[in-house]
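**Student:** Next up, coords_26.txt (compact mmCIF, N, CA and C atoms).
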```
# COMPACT_ATOMS: atom_id res chain seq x y z
N MET A 1 18.84 1.08 7.11
CA MET A 1 17.87 1.14 6.03
C MET A 1 18.60 0.83 4.73
N SER A 2 18.04 -0.05 3.93
CA SER A 2 18.66 -0.42 2.66
C SER A 2 18.65 0.78 1.71
N THR A 3 19.54 0.74 0.74
CA THR A 3 19.64 1.83 -0.23
C THR A 3 18.33 1.99 -1.00
N GLU A 4 17.75 0.87 -1.40
CA GLU A 4 16.49 0.93 -2.15
C GLU A 4 15.37 1.54 -1.30
N ARG A 5 15.30 1.11 -0.06
CA ARG A 5 14.27 1.64 0.84
C ARG A 5 14.49 3.13 1.12
N ALA A 6 15.76 3.52 1.28
CA ALA A 6 16.09 4.94 1.51
C ALA A 6 15.70 5.78 0.30
N GLU A 7 15.93 5.27 -0.90
CA GLU A 7 15.56 6.00 -2.11
C GLU A 7 14.05 6.15 -2.23
N LYS A 8 13.30 5.11 -1.87
CA LYS A 8 11.84 5.19 -1.90
C LYS A 8 11.33 6.20 -0.87
N MET A 9 11.96 6.21 0.31
CA MET A 9 11.55 7.15 1.35
C MET A 9 11.85 8.58 0.92
N ARG A 10 13.01 8.80 0.29
CA ARG A 10 13.37 10.13 -0.20
C ARG A 10 12.36 10.59 -1.25
N ALA A 11 11.98 9.70 -2.15
CA ALA A 11 11.00 10.04 -3.19
C ALA A 11 9.66 10.41 -2.56
N ARG A 12 9.26 9.65 -1.56
CA ARG A 12 7.98 9.95 -0.88
C ARG A 12 8.06 11.28 -0.15
N ALA A 13 9.15 11.51 0.57
CA ALA A 13 9.32 12.77 1.30
C ALA A 13 9.31 13.96 0.35
N TYR A 14 10.01 13.83 -0.75
CA TYR A 14 10.06 14.89 -1.75
C TYR A 14 8.66 15.20 -2.28
N GLN A 15 7.90 14.16 -2.60
CA GLN A 15 6.56 14.37 -3.13
C GLN A 15 5.64 15.02 -2.11
N VAL A 16 5.71 14.58 -0.85
CA VAL A 16 4.88 15.18 0.20
C VAL A 16 5.24 16.65 0.38
N CYS A 17 6.53 16.97 0.43
CA CYS A 17 6.94 18.37 0.60
C CYS A 17 6.48 19.23 -0.58
N ARG A 18 6.60 18.72 -1.79
CA ARG A 18 6.15 19.48 -2.97
C ARG A 18 4.64 19.65 -2.98
N ASP A 19 3.91 18.64 -2.50
CA ASP A 19 2.45 18.71 -2.51
C ASP A 19 1.90 19.65 -1.44
N TYR A 20 2.55 19.73 -0.30
CA TYR A 20 1.99 20.47 0.83
C TYR A 20 2.67 21.80 1.13
N LEU A 21 3.83 22.05 0.56
CA LEU A 21 4.55 23.30 0.83
C LEU A 21 4.62 24.13 -0.45
N LEU A 22 4.71 25.43 -0.28
CA LEU A 22 4.69 26.34 -1.42
C LEU A 22 6.07 26.92 -1.70
N GLY A 23 6.10 27.90 -2.57
CA GLY A 23 7.31 28.67 -2.83
C GLY A 23 8.48 27.85 -3.35
N ALA A 24 9.61 28.00 -2.68
CA ALA A 24 10.85 27.37 -3.12
C ALA A 24 10.75 25.85 -3.16
N TRP A 25 9.87 25.26 -2.37
CA TRP A 25 9.71 23.80 -2.37
C TRP A 25 9.24 23.28 -3.73
N LYS A 26 8.61 24.13 -4.51
CA LYS A 26 8.14 23.72 -5.84
C LYS A 26 9.27 23.74 -6.87
N ASN A 27 10.40 24.38 -6.51
CA ASN A 27 11.49 24.57 -7.47
C ASN A 27 12.73 23.73 -7.20
N ILE A 28 12.67 22.85 -6.22
CA ILE A 28 13.83 22.00 -5.94
C ILE A 28 13.62 20.64 -6.58
N ASN A 29 14.71 19.89 -6.70
CA ASN A 29 14.55 18.53 -7.19
C ASN A 29 14.87 17.54 -6.07
N GLN A 30 14.49 16.33 -6.29
CA GLN A 30 14.59 15.29 -5.26
C GLN A 30 16.02 15.11 -4.75
N ASP A 31 16.99 15.22 -5.63
CA ASP A 31 18.38 14.97 -5.25
C ASP A 31 18.99 16.09 -4.42
N THR A 32 18.45 17.30 -4.52
CA THR A 32 19.04 18.41 -3.76
C THR A 32 18.34 18.68 -2.44
N MET A 33 17.14 18.13 -2.26
CA MET A 33 16.44 18.31 -0.98
C MET A 33 17.26 17.64 0.13
N ILE A 34 17.42 18.34 1.23
CA ILE A 34 18.12 17.77 2.37
C ILE A 34 17.14 16.91 3.15
N MET A 35 17.55 15.69 3.47
CA MET A 35 16.68 14.77 4.22
C MET A 35 17.55 13.92 5.12
N LYS A 36 17.22 13.93 6.43
CA LYS A 36 17.96 13.13 7.40
C LYS A 36 16.98 12.45 8.34
N PRO A 37 17.21 11.17 8.65
CA PRO A 37 16.36 10.52 9.64
C PRO A 37 16.62 11.10 11.03
N ILE A 38 15.57 11.16 11.83
CA ILE A 38 15.68 11.63 13.21
C ILE A 38 15.39 10.43 14.10
N SER A 39 16.30 10.15 15.01
CA SER A 39 16.09 9.01 15.90
C SER A 39 15.19 9.43 17.05
N GLY A 40 14.62 8.45 17.72
CA GLY A 40 13.83 8.73 18.91
C GLY A 40 12.36 8.41 18.79
N GLY A 41 11.85 8.19 17.60
CA GLY A 41 10.44 7.86 17.46
C GLY A 41 10.15 6.47 18.01
N LEU A 42 9.09 6.34 18.79
CA LEU A 42 8.75 5.02 19.34
C LEU A 42 8.15 4.12 18.27
N SER A 43 7.17 4.62 17.55
CA SER A 43 6.56 3.81 16.50
C SER A 43 6.53 4.53 15.16
N ASN A 44 6.73 5.82 15.16
CA ASN A 44 6.73 6.59 13.92
C ASN A 44 8.15 6.72 13.38
N HIS A 45 8.24 7.00 12.10
CA HIS A 45 9.53 7.29 11.46
C HIS A 45 9.57 8.80 11.24
N LEU A 46 10.62 9.44 11.72
CA LEU A 46 10.74 10.89 11.66
C LEU A 46 11.89 11.28 10.75
N TYR A 47 11.66 12.33 9.94
CA TYR A 47 12.69 12.80 9.01
C TYR A 47 12.75 14.32 9.03
N TYR A 48 13.96 14.83 9.01
CA TYR A 48 14.21 16.26 8.84
C TYR A 48 14.32 16.50 7.34
N CYS A 49 13.53 17.42 6.83
CA CYS A 49 13.58 17.78 5.41
C CYS A 49 13.82 19.29 5.32
N ALA A 50 14.73 19.69 4.43
CA ALA A 50 15.05 21.12 4.32
C ALA A 50 15.36 21.49 2.87
N LEU A 51 15.20 22.77 2.60
CA LEU A 51 15.60 23.31 1.31
C LEU A 51 17.12 23.24 1.21
N PRO A 52 17.66 23.03 0.02
CA PRO A 52 19.12 23.07 -0.13
C PRO A 52 19.61 24.51 0.03
N PRO A 53 20.89 24.69 0.37
CA PRO A 53 21.42 26.05 0.56
C PRO A 53 21.25 26.96 -0.65
N THR A 54 21.10 26.38 -1.83
CA THR A 54 20.94 27.17 -3.06
C THR A 54 19.54 27.74 -3.23
N HIS A 55 18.59 27.31 -2.41
CA HIS A 55 17.20 27.76 -2.51
C HIS A 55 16.76 28.38 -1.19
N LYS A 56 16.43 29.63 -1.23
CA LYS A 56 15.93 30.34 -0.05
C LYS A 56 14.41 30.47 -0.16
N PRO A 57 13.72 30.52 0.97
CA PRO A 57 12.26 30.73 0.91
C PRO A 57 11.94 32.01 0.15
N VAL A 58 10.87 31.97 -0.64
CA VAL A 58 10.47 33.14 -1.42
C VAL A 58 9.25 33.82 -0.80
N GLY A 59 8.65 33.19 0.18
CA GLY A 59 7.47 33.74 0.85
C GLY A 59 7.45 33.29 2.29
N ALA A 60 6.29 32.83 2.71
CA ALA A 60 6.12 32.41 4.10
C ALA A 60 6.40 30.92 4.30
N GLU A 61 6.84 30.23 3.25
CA GLU A 61 7.08 28.80 3.40
C GLU A 61 8.28 28.54 4.32
N PRO A 62 8.26 27.40 5.00
CA PRO A 62 9.36 27.09 5.92
C PRO A 62 10.61 26.66 5.16
N ASN A 63 11.75 26.86 5.78
CA ASN A 63 13.02 26.41 5.24
C ASN A 63 13.25 24.93 5.55
N GLU A 64 12.64 24.48 6.66
CA GLU A 64 12.82 23.10 7.12
C GLU A 64 11.54 22.61 7.78
N VAL A 65 11.30 21.30 7.69
CA VAL A 65 10.10 20.69 8.26
C VAL A 65 10.44 19.33 8.85
N LEU A 66 9.50 18.83 9.65
CA LEU A 66 9.58 17.48 10.18
C LEU A 66 8.54 16.64 9.45
N LEU A 67 8.98 15.55 8.86
CA LEU A 67 8.08 14.61 8.20
C LEU A 67 7.87 13.44 9.14
N ARG A 68 6.62 13.19 9.51
CA ARG A 68 6.27 12.08 10.40
C ARG A 68 5.51 11.04 9.59
N ILE A 69 6.08 9.85 9.50
CA ILE A 69 5.44 8.72 8.83
C ILE A 69 4.99 7.77 9.94
N TYR A 70 3.69 7.50 9.98
CA TYR A 70 3.17 6.63 11.03
C TYR A 70 3.74 5.22 10.87
N GLY A 71 4.14 4.64 12.00
CA GLY A 71 4.64 3.27 12.01
C GLY A 71 3.50 2.28 11.94
N GLN A 72 3.84 1.02 12.08
CA GLN A 72 2.83 -0.03 12.04
C GLN A 72 1.86 0.14 13.19
N MET A 73 0.59 -0.04 12.89
CA MET A 73 -0.45 0.06 13.91
C MET A 73 -0.95 -1.34 14.22
N HIS A 74 -1.11 -1.61 15.51
CA HIS A 74 -1.58 -2.92 15.94
C HIS A 74 -2.79 -2.76 16.85
N GLY A 75 -3.66 -3.71 16.80
CA GLY A 75 -4.81 -3.70 17.69
C GLY A 75 -6.01 -3.04 17.05
N GLU A 76 -7.15 -3.31 17.64
CA GLU A 76 -8.40 -2.80 17.08
C GLU A 76 -8.59 -1.31 17.31
N ASP A 77 -7.88 -0.73 18.27
CA ASP A 77 -8.02 0.69 18.56
C ASP A 77 -6.96 1.55 17.86
N ALA A 78 -6.10 0.94 17.05
CA ALA A 78 -4.98 1.66 16.44
C ALA A 78 -5.44 2.82 15.57
N LEU A 79 -6.39 2.60 14.68
CA LEU A 79 -6.86 3.67 13.80
C LEU A 79 -7.50 4.79 14.61
N GLU A 80 -8.28 4.42 15.59
CA GLU A 80 -8.92 5.41 16.46
C GLU A 80 -7.87 6.26 17.18
N HIS A 81 -6.79 5.63 17.62
CA HIS A 81 -5.71 6.35 18.30
C HIS A 81 -5.04 7.36 17.36
N VAL A 82 -4.76 6.95 16.13
CA VAL A 82 -4.12 7.84 15.16
C VAL A 82 -5.03 9.01 14.83
N LEU A 83 -6.31 8.76 14.65
CA LEU A 83 -7.26 9.84 14.36
C LEU A 83 -7.35 10.82 15.52
N ALA A 84 -7.43 10.30 16.74
CA ALA A 84 -7.50 11.17 17.92
C ALA A 84 -6.23 12.01 18.04
N GLU A 85 -5.07 11.40 17.83
CA GLU A 85 -3.81 12.13 17.90
C GLU A 85 -3.76 13.24 16.85
N SER A 86 -4.23 12.94 15.65
CA SER A 86 -4.24 13.95 14.58
C SER A 86 -5.15 15.12 14.91
N VAL A 87 -6.31 14.85 15.48
CA VAL A 87 -7.24 15.92 15.87
C VAL A 87 -6.61 16.77 16.97
N ILE A 88 -6.04 16.13 17.98
CA ILE A 88 -5.42 16.87 19.09
C ILE A 88 -4.26 17.71 18.58
N PHE A 89 -3.41 17.13 17.72
CA PHE A 89 -2.27 17.87 17.18
C PHE A 89 -2.76 19.09 16.39
N THR A 90 -3.80 18.90 15.59
CA THR A 90 -4.36 19.99 14.79
C THR A 90 -4.87 21.12 15.68
N LEU A 91 -5.61 20.77 16.72
CA LEU A 91 -6.14 21.78 17.64
C LEU A 91 -5.03 22.54 18.35
N LEU A 92 -4.01 21.82 18.81
CA LEU A 92 -2.88 22.49 19.49
C LEU A 92 -2.15 23.42 18.53
N SER A 93 -1.99 22.98 17.29
CA SER A 93 -1.32 23.80 16.28
C SER A 93 -2.12 25.07 15.99
N GLU A 94 -3.44 24.92 15.81
CA GLU A 94 -4.30 26.08 15.53
C GLU A 94 -4.26 27.11 16.65
N ARG A 95 -4.10 26.65 17.88
CA ARG A 95 -4.07 27.54 19.04
C ARG A 95 -2.66 28.00 19.39
N GLU A 96 -1.70 27.65 18.52
CA GLU A 96 -0.29 28.00 18.69
C GLU A 96 0.27 27.47 20.01
N LEU A 97 -0.18 26.27 20.39
CA LEU A 97 0.31 25.62 21.60
C LEU A 97 1.21 24.43 21.27
N GLY A 98 1.49 24.26 20.01
CA GLY A 98 2.34 23.17 19.55
C GLY A 98 2.93 23.53 18.21
N PRO A 99 3.72 22.64 17.63
CA PRO A 99 4.31 22.91 16.31
C PRO A 99 3.24 23.18 15.26
N TYR A 100 3.59 24.00 14.28
CA TYR A 100 2.69 24.31 13.19
C TYR A 100 2.47 23.05 12.35
N LEU A 101 1.25 22.84 11.93
CA LEU A 101 0.89 21.69 11.09
C LEU A 101 0.78 22.16 9.65
N TYR A 102 1.65 21.63 8.78
CA TYR A 102 1.62 22.00 7.37
C TYR A 102 0.71 21.10 6.54
N GLY A 103 0.50 19.89 7.00
CA GLY A 103 -0.37 19.01 6.24
C GLY A 103 -0.50 17.63 6.86
N VAL A 104 -1.66 17.03 6.61
CA VAL A 104 -1.92 15.65 7.02
C VAL A 104 -2.21 14.87 5.75
N PHE A 105 -1.58 13.75 5.60
CA PHE A 105 -1.77 12.92 4.41
C PHE A 105 -1.91 11.47 4.85
N PRO A 106 -2.41 10.61 4.00
CA PRO A 106 -2.54 9.20 4.38
C PRO A 106 -1.17 8.64 4.78
N GLY A 107 -1.05 8.23 6.02
CA GLY A 107 0.20 7.65 6.49
C GLY A 107 1.11 8.58 7.25
N GLY A 108 0.71 9.84 7.43
CA GLY A 108 1.60 10.73 8.18
C GLY A 108 1.18 12.18 8.17
N ARG A 109 2.10 13.03 8.59
CA ARG A 109 1.84 14.47 8.59
C ARG A 109 3.15 15.23 8.46
N LEU A 110 3.04 16.50 8.07
CA LEU A 110 4.16 17.40 7.88
C LEU A 110 4.04 18.50 8.92
N GLU A 111 5.10 18.66 9.75
CA GLU A 111 5.04 19.56 10.90
C GLU A 111 6.19 20.57 10.87
N GLN A 112 6.04 21.60 11.68
CA GLN A 112 7.11 22.56 11.91
C GLN A 112 8.27 21.82 12.56
N TYR A 113 9.49 22.08 12.09
CA TYR A 113 10.68 21.49 12.70
C TYR A 113 11.14 22.40 13.82
N ILE A 114 11.32 21.84 14.99
CA ILE A 114 11.83 22.59 16.14
C ILE A 114 13.14 21.94 16.56
N GLN A 115 14.22 22.71 16.50
CA GLN A 115 15.55 22.20 16.86
C GLN A 115 15.58 21.84 18.34
N ALA A 116 15.83 20.59 18.64
CA ALA A 116 15.93 20.11 20.03
C ALA A 116 16.57 18.74 19.99
N ARG A 117 17.00 18.27 21.14
CA ARG A 117 17.56 16.92 21.18
C ARG A 117 16.42 15.91 21.24
N SER A 118 16.66 14.73 20.69
CA SER A 118 15.66 13.66 20.75
C SER A 118 15.62 13.09 22.15
N LEU A 119 14.42 12.73 22.59
CA LEU A 119 14.27 12.10 23.90
C LEU A 119 14.61 10.62 23.80
N PHE A 120 15.12 10.07 24.89
CA PHE A 120 15.37 8.63 24.96
C PHE A 120 14.11 7.93 25.40
N ARG A 121 13.99 6.65 25.09
CA ARG A 121 12.81 5.87 25.47
C ARG A 121 12.50 6.00 26.96
N GLU A 122 13.54 5.96 27.78
CA GLU A 122 13.35 6.04 29.23
C GLU A 122 12.68 7.35 29.64
N GLU A 123 12.92 8.40 28.88
CA GLU A 123 12.35 9.71 29.19
C GLU A 123 10.88 9.80 28.79
N LEU A 124 10.41 8.88 27.99
CA LEU A 124 9.04 8.91 27.51
C LEU A 124 8.10 8.07 28.36
N ARG A 125 8.63 7.32 29.29
CA ARG A 125 7.82 6.44 30.13
C ARG A 125 7.09 7.21 31.21
N ASP A 126 5.89 6.73 31.54
CA ASP A 126 5.16 7.24 32.70
C ASP A 126 5.74 6.59 33.94
N GLU A 127 5.99 7.37 34.96
CA GLU A 127 6.50 6.80 36.22
C GLU A 127 5.62 7.20 37.36
```
Starting from the file, lay out its structure as structure tokens.
**Tutor:**
Amino acid sequence: MSTERAEKMRARAYQVCRDYLLGAWKNINQDTMIMKPISGGLSNHLYYCALPPTHKPVGAEPNEVLLRIYGQMHGEDALEHVLAESVIFTLLSERELGPYLYGVFPGGRLEQYIQARSLFREELRDE
């Protein structure tokens, strides 16, 4: 990722976290927010975002989150697929059967970060 593109992504991630998360997230600046790309997404871009060590949660806000930016959509059913996935994810989150959903915004969503290894493409295939 080019430096300019990385800076734009950091600015977007910072704004999304400030808009959708409370507490300490409102008091950090863009340069101190921890942000790392997560590999393994098939079409989405995934990022780990966290509060810097100097800022601890002041309430129920998370210390770290997963930022999912939807990748390019192709085909006439692409929008329908994204909407269906968002509804399913929301329902699973509400029933505590999946990661907590912090927010849905145009182009992506903010989710609970769960520490785990990324799956390889081969592991995601139906056999």
**Student:** Using DSSP on the backbone coordinates, identify all residues within region 10-98 of chain A classified as strand (DSSP E); present the result as a ChimeraX atom specification.
**Tutor:** /A:34-38,45-50,64-69
**Student:** To one decimal in Å, tell me the separation between atom C of Trp25 (chain A) and CA of Ala11 (chain A).
**Tutor:**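 Taking atom C of Trp25 (chain A) and CA of Ala11 (chain A), their separation equals 13.4 Å.
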**Student:** Which one of A:Thr54, A:Ser2, A:Gln72, A:Ser39 sits closest to Leu119 (chain A) if you count all atoms listed in the file?
**Tutor:**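 Smallest separation from Leu119 (chain A) among the options: A:Ser39.
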**Student:** Report, in Å to a single decimal, how far apart atom N of Glu64 (chain A) and CA of Ala13 (chain A) are.
**Tutor:**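 Separation of CA of Ala13 (chain A) and atom N of Glu64 (chain A): 13.3 Å.
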**Student:** Nearest to Ile114 (chain A): which of A:Cys49, A:Pro57, A:Tyr70, A:Glu76 is it, counting only C-alpha atoms?
**Tutor:**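 The closest residue to Ile114 (chain A) is A:Cys49.
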**Student:** Show me the residues close to (-0.4, 20.7, 10.5) - anything with an atom within 9 Å, counting only C-alpha atoms - and format the list as a count of residues only.
**Tutor:** 15
**Student:** Determine which residues of chain A DSSP labels as helix (DSSP H, G or I) from the backbone of this structure, then write them out as a ChimeraX atom specification.
**Tutor:** /A:3-20,23-26,78-94,121-124
**Student:** Give me, as a count of residues only, all polymer residues having an atom no more than 9 Å from Glu61 (chain A), counting only C-alpha atoms and skipping those fewer than 5 positions away in the same chain.
**Tutor:** 5
**Student:** Between A:Met9, A:Gly108, A:Thr32, A:Phe120, which one has atoms that come closest to Pro52 (chain A), using only N, CA and C atoms?
**Tutor:**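 Answer, going by the shortest atom-to-atom distance: A:Thr32.
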**Student:** Could you tell me, as a ChimeraX atom specification, which residues have any atom at most 8 Å from (16.4, 19.3, 0.1), counting only C-alpha atoms?
**Tutor:** /A:14,28-35,49-52
**Student:** What does the structure give for the distance between atom N of Ser43 (chain A) and atom C of Gly71 (chain A), in Å to one decimal?
**Tutor:**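 About the pair atom N of Ser43 (chain A) and atom C of Gly71 (chain A): they are 7.1 Å apart.
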